[in-house]
Structure formats: C-alpha cells, structure tokens
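Colleague: The structure under discussion is supplied below as structure tokens; questions concerning it will follow.
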There are 2 protein chains.
Amino acid sequence: MENKNTYPIKVVSNLTGLSIHVIRAWEKRYNVVVPQRSETNRRLYSKEDVEKLKLLSTASAHGYSIGTISTLNYYELKNLLNASKLSESEFSTNRMDQKNEVENTSHLDKCISAVKELNAHGLEYELYNALKDLSQPKFIDELLTPLLEDIGDMWKSGEIRIVNEHVSSAVIRKILNSLIDNNSIPSNAPSIIIATPKGQLHELGALMIAVIASADGWNVTYMGPDLPAEEIAAAIDRLRPKIVALSIVYPNDDFTLDREMAKLKRLLNNGTKIIAGGRSAKSYGKTLEYLNAKVLDNIDDFRKELEKVRN
Amino acid sequence: MENKNTYPIKVVSNLTGLSIHVIRAWEKRYNVVVPQRSETNRRLYSKEDVEKLKLLSTASAHGYSIGTISTLNYYELKNLLNASKLSESEFSTNRMDQKNEVENTSHLDKCISAVKELNAHGLEYELYNALKDLSQPKFIDELLTPLLEDIGDMWKSGEIRIVNEHVSSAVIRKILNSLIDNNSIPSNAPSIIIATPKGQLHELGALMIAVIASADGWNVTYMGPDLPAEEIAAAIDRLRPKIVALSIVYPNDDFTLDREMAKLKRLLNNGTKIIAGGRSAKSYGKTLEYLNAKVLDNIDDFRKELEKVRN
DNA sequence: AATATATTGTCTAGCATTTGTCAAGAAAAA
DNA sequence: TTTTTCTTGACAAATGCTAGACAATATATT
C-alpha cells in the first residue's frame, strides 16, 4: 500500500475529534505522536498515529489528563480504557469491509441519498460507517444533527414524504439506542432522567442526549416521548436523579406545554436540576425560567453542563 | 502486571462515584488511600487504590460510616460487603438481594419487579440475561409476550403508572432493535415492510415482528408507528415488498383505522401480500377481509406464513 | 430528654500547574 | 485568490492543591 502516511492534519482532526490546535499542542508538549513531514514540512500522519490519537482523545475526554497518559503506547492505552471500562463504542462489524478511502461524497450526502431512496439498510450501513470514521461526538454533532435538520427541511419542502421521515427516524433511533451503553457504568454513577414532555412526540433529540450522558458515565433512565408532568414528577420522586433533561422540539404555540411545565413545578420540591434543550426550548423562556430550568442551545453546552453538575 | 499509578483524581471520581472533595477529605482525615504524587504534587492513584475506594464507596452508601471502615483493608471490606449481601454488583438493588438464592423466581417475575420499581437498568439486564438462557423464539414467545401483557394489565388496573409503562417500553424497544440484524442478510433476500397504521401508537408488537422476520432472513424495512395509509402505499410502491405486515393493537372502536384501511386498499394494485396481526386485529375482520389481508392470531402463525410466502 | 461532642460531606479562597485556544506572519496548496 | 498549514508566543480556562470553615447528622454525656 502506498498510502501509509497519508493523513493531513485536518483529516486527523475530523477522525479523532481533536482540534487541529490540540493535535499540534500535544505534539509540541508531549510528543504523543510525531508524524512524518512532507518535503514542505506538512505533517503526514500514519494510520497508527490516528489510532493512537483516537485513544488519547477518548481517554482525555474521560478525565485523564494528557500529561499523565502521554507516555503510554497504543496497547497501554487500550488497557487503560478497558480497565476503566471506557472503551470507545465497539462496532467491529467484521462484515463491513474497509473502503476507507473515497471520501469524496461525504457521509452526510450518502445518508441523504439513502433517506430519499427510502433505503433503510443503506442509511443504517452508512451511519455505522460514519461511526467508524468519526469520533462519537463528531458523529452526533456533525453528521446526525445536520442530517436531522436536512430531513426536517426536506419534509417541510415536500421533497420527501412522511414515510421517508418515519423510516429514517426508525433507523436513527435504532443506532442511537445501540449507543446507549448501560453496562459499563459504575453502580453509584450520578443519575439522569431524560424525557420529552407531553405533546412532544419527537424523541430523537432526547435519545441523542441519552447517548451523550451515557458516554459520559451517567446512569441514564430514558423515559421516551410524550409523558405527562405528573408522571415525570413520580419518576423523579422514585429515582432521585441529579438531572432531569427535557427535550422540547415543537414550536412555541403549544399551550399544553406551558400547562405541563407549571404542573411539574408544583409537583417538585427537591433540588433536582432541570435542563431543557431542543430546537424550540428557547421559545418557552418564561415558562422554563419559572421552573428554574437551565435552557441549553446546543449539544456541546449540554456536555459542559453534565460535567458541571457532576462535580 | 505493570502497576501503573495512572489514575488522576477526576477519573477516580468518575470510577468510584465519589466526589473529588470526598476523596481528598477521606485521605486527609483517615488516609484511606494515600496515592503517589506526580513531580508537581498531583495525586496519582493505582488500580488497587481505585478498587478500595469503590468498596468504601458502596459500603458508605449502604450506611457504614467512613470512620468505622476506614481502617479495613481490601479483603476485610469485601467480607463486610458480602456479609451484608451488598456486593458491589451493579444491579443488586437492596430490595432484590433478599431473594437472591431463590432461582425459581422466573425471568418474568424479575422483569415485572423491575418494571414496578422503575428500574430500567435492572429490566435491561434481566432481559439480556434471559436472552442468554433462552432461544430467541422462546424469548419472544414465552417472556416478552407475556411480559407485555402483564404490563398492559398492570397499567389498566392502576398497579403501575404511565411512566413505568413508558420506561419499560423504551427498554424493550432498545432490546428488540438490537435483535434486528440487518448485516447478515443477503442482498437478494425477500423484502417485508412492517408498519402500524395511523392511530396505532404502540409499536412493540411491530418490532417483535421485525425481529422475527429479520431472524428468518428477510430484508426488513421497519417504518414505525402511526403512518397514514397513503404513506404505506408509497413505500410499497417504492420498495415492492413481498409482504406488508400491519400491527394492530388498539381496540376496535377506532374508526380511523377502517378509513385508513379502505384508503390503503384503493391505493394498492400490485400483488403484495398483506398480513395483519396484533391483539385487536381480529376485531377488524370485515375491514381486513375486504383488504384481502391475512389475519394472524399469534406469532407462530406469523412465522409459518413467512415460510409459506417465501417459497 | 436535652445538651455537648464528634463525624462527615460540602464548600470557599488563594495559589500553582496544566491544558485548550488563539493570533500573527510566512509558506504552501488548492 | 483563497484555503490550509506551519511556528512561536501568549493567554485564559480548567483542574488540582492546601487549609480551613460550615452545616447537618450521628453519637455520647449530662
């Protein structure tokens, strides 16, 4: 194979989820990987470099400081992550052959084609493929989120039918479900409840949040869509979670939600933190403020909030 | 084994469920563990440190005060927890521990307990356990089906709340999804579309059917719940499946469904076979007969029908 | 029973280190 | 031209450290 040292830094950044700056900083400060250089001094990363950086990236994301793990080699890193039961999502679908190259059509484009063609298998295959290439955060932030937006747009514009949206949702739901790993969390991990209030049927956003919290080591209880306030309150009472995350997607002309939120407020008395997110969360500003809910714009803020509450 | 002291305090906090503050406090006050320090005075914990802290954490969570157990070593702690039947196993809620020895409690009973306790992880764990013990058909016929019936009954009788039903559904959906294997299906496998018509929100039956068809080597396109007739027709038109399976769960006072079925009939003209199943399918006898649909009572008949159509 | 004492988890303040991010200016690639 | 990449240096945010204080419980003493 000719393409042994073929990854420029931008590609490495995409593959690992690390920013270009961070990759260079880690090299400068710790020599975590020292890529070959082109004749003109460009960094050229090998496949092994990328793999090691992926491991370092997930380890770093789970609290290991780069300084302490920078000296470990590939296998020591593997052990470290296995020992902590934090191994990155394992999708060794041995069947899926490696067509690593040919990245000209992006994952997103392929996914959109599959959606239009009502090709559920194609969509699923492509998403798993992307998962192999991208880190999990990138998968969610840069593929799934825009894909869902595009599907929504295409649906609104009549470019696709309801059935396309349904089938795609089913596939995405399946994949998100498979990413929620409940087996590797410590017994006394902090708990989070995830629900979408009554009148809110769309659940993919909630599932994404569930995946993120699970990857971050939270004890996730996913309650699904369309749950009345008193039911959410009952669950809080029973499970005493640190956080209740509400996913709110539908636009703001929905008075049911206001009523439900008021009810929830009445029913709560303990210190559980409430986080609201989703496309339309902001439109309920007053209601949510009244609930002492933290309103989050985007997924990354949700990640940060998780960290904050945890400590 | 290399005894790497590589765990920084943040990771230890995540692994043990203890806050960083508590870890330091316990060290300052009782020296429960005394980690090595880095050159710059950062704490570096060993694997043994982490294990001991885990034990201390669960013991503490179960009422032992840290002062009284701080002097115990690893094995004394183990004994203590075993003696109290509080092993750190992730899924032993203290309630269930007491009937530990009684293996005659069936999977079903354990699942029902988990449902009542709103213990999503317990339910998931138990179902996976059952999956290991039982063959897939038995799992569906003898565990999942009665479990769903029981959940329905308990819900109707007010023994459990809506939220119990929701959480359980989410878990079961997750497991069923994971059982649909789309990777090992040959490209020329016969196709089947699975949907629940409009007005039919409950989808677990449909998912069970999807699992069965998938296990039988069919190319499954699962379209999810609540799909209008013209959308189903569009999908049939596009995918040309051999079978369309409709899952009908709600009781028979639903006129929407009659209308939807009539519409579907109008929209279809090819030779696709339609199968209807689900608790309430029979109540729609006339309507479905008019559609030339085959109405099936139980899952086994569905399996047989699959075989018949395939050949 | 009431009071005193001890225990324990949580928090703050001030300082040091670590780490992610950015800017500027030059060079190479698209 | 525009984008990408390079190096260097600087900065700000995050994290960790110590010491000490506080409030809520638990335990002991009167």
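Note on naming: chains are A, B, ... as they come in the structure tokens, residues start from 1 per chain, ligands start from 1 in the order shown.
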Each residue of chain B lying at most 9 Å from chain D should get a row with its shortest atom-to-atom pair and the distance in Å to one decimal, counting only C-alpha atoms (C1' of nucleotides); could you produce that, ordered by chain and increasing number, as a Markdown table?

Modeller:
| residue | atom | partner | partner_atom | distance |
| --- | --- | --- | --- | --- |
| B:Ile9 | CA | D:DG16 | C1' | 8.6 |
| B:Lys10 | CA | D:DT15 | C1' | 9.0 |
| B:Asn41 | CA | D:DC17 | C1' | 7.5 |
| B:Arg42 | CA | D:DG16 | C1' | 6.7 |
| B:Arg43 | CA | D:DG16 | C1' | 8.5 |

Colleague: Starting from chain B, keep only residues with some atom at most 8 Å from an atom of chain A, counting only C-alpha atoms, and report them as a short mmCIF file (atom, residue, chain, number, x, y, z; two decimals) with C-alpha atoms, in the first residue's frame.

Modeller:
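Below is the file selection_7.cif, written as the result:
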data_model
loop_
_atom_site.label_atom_id
_atom_site.label_comp_id
_atom_site.auth_asym_id
_atom_site.auth_seq_id
_atom_site.Cartn_x
_atom_site.Cartn_y
_atom_site.Cartn_z
CA THR B 6 -2.02 6.47 36.31
CA TYR B 7 -5.42 7.41 37.59
CA PRO B 8 -5.82 11.13 38.16
CA LYS B 10 -11.02 13.11 38.26
CA VAL B 11 -11.07 9.65 36.76
CA ASN B 14 -15.89 9.01 37.91
CA LEU B 15 -14.99 5.40 38.55
CA THR B 16 -15.98 5.38 42.18
CA GLY B 17 -18.87 7.78 42.22
CA SER B 19 -16.76 13.48 44.61
CA ILE B 20 -13.26 14.84 44.32
CA THR B 58 -20.54 1.24 48.28
CA GLU B 88 -21.00 -4.13 44.59
CA SER B 89 -22.72 -5.81 41.67
CA GLU B 90 -24.32 -3.10 39.67
CA PHE B 91 -27.80 -4.45 39.52
CA LEU B 118 -38.98 1.74 37.63
CA ALA B 120 -34.71 0.44 33.78
CA HIS B 121 -31.25 -0.99 34.14
CA ARG B 161 -48.15 4.29 36.35
CA ILE B 162 -47.81 5.51 32.86
CA VAL B 163 -44.20 6.26 33.49
CA HIS B 166 -43.02 4.26 29.19
CA VAL B 167 -39.70 3.36 30.67
CA ALA B 170 -38.14 2.19 25.93
CA LYS B 174 -33.98 -0.93 22.69
CA ASN B 177 -33.91 -3.03 17.99
CA SER B 178 -30.65 -4.68 18.88
CA ASN B 182 -29.52 -6.17 9.05
CA ASN B 183 -25.95 -7.06 8.38
CA THR B 221 -37.89 -2.21 6.40
CA TYR B 222 -39.37 -1.08 9.66
CA MET B 223 -41.45 2.02 9.28
CA GLY B 224 -42.50 2.67 12.82
CA LEU B 227 -48.25 6.01 9.45
CA GLU B 231 -47.56 6.73 3.06
CA ILE B 232 -47.64 2.98 3.44
CA ALA B 234 -45.98 4.97 -1.31
CA ALA B 235 -43.48 2.77 0.42
CA ARG B 238 -41.15 2.16 -3.96
CA LEU B 239 -39.85 -0.99 -2.34
#

Colleague: Can you list every residue in range 95-231 of chain B that DSSP puts in alpha helix (DSSP H), as a ChimeraX atom specification?

Modeller: /B:95-97,107-116,120-133,136-138,145-156,162-179,204-215,229-231

Colleague: What residues in chain A have any atom no more than 9 Å from chain C when counting only C-alpha atoms (C1' of nucleotides), and can you write them as an mmCIF file with C-alpha atoms, in the first residue's frame?

Modeller:
data_model
loop_
_atom_site.group_PDB
_atom_site.id
_atom_site.type_symbol
_atom_site.label_atom_id
_atom_site.label_comp_id
_atom_site.auth_asym_id
_atom_site.auth_seq_id
_atom_site.Cartn_x
_atom_site.Cartn_y
_atom_site.Cartn_z
ATOM 1 C CA HIS A 21 -4.573 23.186 17.624
ATOM 2 C CA VAL A 22 -4.761 20.465 20.211
ATOM 3 C CA ALA A 25 -0.018 21.271 21.106
ATOM 4 C CA THR A 40 7.461 21.176 2.551
ATOM 5 C CA ARG A 42 3.494 19.450 6.325
ATOM 6 C CA SER A 65 -5.027 14.483 31.780
ATOM 7 C CA ILE A 66 -2.935 14.359 28.680
ATOM 8 C CA GLY A 67 0.202 14.853 30.682
#

Colleague: Please indicate the distance in Å from CA of Ala245 in chain B to CA of Ile275 in chain B, rounded to one decimal place.

Modeller: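 CA of Ala245 in chain B sits 4.7 Å away from CA of Ile275 in chain B.
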
Colleague: Find the residues near range 107-109 of chain A: any atom within 9 Å, counting only C-alpha atoms (C1' of nucleotides), skip ones fewer than 3 places away on the same chain, and give them as a VMD selection string.

Modeller: chain A and resid 103 112 to 114 126 to 127 129 to 130 142 to 144 146 to 147

Colleague: Which value, in Å to one decimal, gives the distance between CA of Ile236 in chain A and CA of Ile193 in chain A?

Modeller: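 Spanning CA of Ile236 in chain A to CA of Ile193 in chain A is a straight-line distance of 7.7 Å.
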
Colleague: CA of Arg37 in chain A to CA of Gln136 in chain A: how many Å, to one decimal?

Modeller: 28.6 Å

Colleague: Select from range 33-204 of chain B everything DSSP, run on the backbone, classes as strand (DSSP E), then give the selection as a list of chain:residue names.

Modeller: B:Gln36, B:Arg37, B:Arg43, B:Leu44, B:Ser191, B:Ile192, B:Ile193, B:Ile194, B:Ala195

Colleague: Keeping N, CA and C atoms for every residue in the selection just given, could you write it to a file as a compact mmCIF listing (two decimals), in the first residue's frame?

Modeller:
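Ended up saving to result-v2.txt:
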# COMPACT_ATOMS: atom_id res chain seq x y z
N GLN B 36 0.29 7.98 45.22
CA GLN B 36 1.56 8.62 44.89
C GLN B 36 1.29 10.03 44.39
N ARG B 37 2.36 10.79 44.30
CA ARG B 37 2.22 12.14 43.76
C ARG B 37 3.10 12.28 42.52
N ARG B 43 -2.11 14.08 42.61
CA ARG B 43 -2.34 12.71 43.07
C ARG B 43 -2.42 11.74 41.90
N LEU B 44 -1.77 10.61 42.06
CA LEU B 44 -1.84 9.56 41.04
C LEU B 44 -2.22 8.26 41.72
N SER B 191 -38.27 -9.14 0.63
CA SER B 191 -38.46 -7.93 1.42
C SER B 191 -39.79 -7.93 2.15
N ILE B 192 -39.79 -7.30 3.30
CA ILE B 192 -41.02 -7.13 4.05
C ILE B 192 -41.05 -5.73 4.64
N ILE B 193 -42.22 -5.14 4.59
CA ILE B 193 -42.41 -3.83 5.20
C ILE B 193 -43.26 -4.02 6.45
N ILE B 194 -42.86 -3.38 7.52
CA ILE B 194 -43.62 -3.51 8.76
C ILE B 194 -44.04 -2.13 9.24
N ALA B 195 -45.33 -1.98 9.47
CA ALA B 195 -45.83 -0.68 9.89
C ALA B 195 -47.01 -0.86 10.83

Colleague: Which polymer residues have any atom within 10 Å of an atom of Gly277 in chain A, counting only C-alpha atoms (C1' of nucleotides), with same-chain residues fewer than 3 positions away left out, as a PyMOL selection string?

Modeller: chain A and resi 196+205-206+209+245-249+280-282+293-299+301-302

Colleague: Write the selection just made, keeping C-alpha atoms, as a short mmCIF file (atom, residue, chain, number, x, y, z; two decimals), in the first residue's frame?

Modeller:
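The resulting file, part04.cif, is reproduced below:
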data_model
loop_
_atom_site.label_atom_id
_atom_site.label_comp_id
_atom_site.auth_asym_id
_atom_site.auth_seq_id
_atom_site.Cartn_x
_atom_site.Cartn_y
_atom_site.Cartn_z
CA THR A 196 -39.91 14.74 26.39
CA GLY A 205 -33.14 14.71 20.33
CA ALA A 206 -33.84 13.08 23.64
CA ILE A 209 -28.88 13.39 24.86
CA ALA A 245 -33.38 16.69 30.91
CA LEU A 246 -36.39 17.72 28.86
CA SER A 247 -36.26 17.76 25.11
CA ILE A 248 -38.54 20.29 23.54
CA VAL A 249 -38.79 20.30 19.80
CA SER A 280 -37.81 25.17 20.44
CA ALA A 281 -36.76 25.27 24.05
CA LYS A 282 -35.91 28.94 23.86
CA ALA A 293 -34.71 25.25 34.32
CA LYS A 294 -31.42 25.71 32.57
CA VAL A 295 -32.03 26.22 28.88
CA LEU A 296 -29.33 24.98 26.58
CA ASP A 297 -28.83 25.89 22.96
CA ASN A 298 -26.69 23.12 21.72
CA ILE A 299 -25.28 19.75 22.44
CA ASP A 301 -23.37 23.11 26.21
CA PHE A 302 -25.20 20.04 27.40
#

Colleague: What lies within 12 Å of Val34 in chain B using only C-alpha atoms (C1' of nucleotides), ignoring chain neighbours under 3 positions off, as a list in words?

Modeller: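 Final neighbour list, sorted by chain and number: Asn5, Ile9, Ile23, Arg24, Ala25, Trp26, Glu27, Lys28, Arg29, Tyr30, Asn31, Arg37, Arg42, Arg43, Leu44, Tyr45, Ser46, Glu48, Asp49, Val50, Lys52 and Leu53 of chain B.
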
Colleague: So which residues touch Pro137 in chain A within 9 Å, counting only C-alpha atoms (C1' of nucleotides), skipping near sequence neighbours fewer than 3 positions away, as a PyMOL selection string?

Modeller: chain A and resi 17+134+140-142+212+300
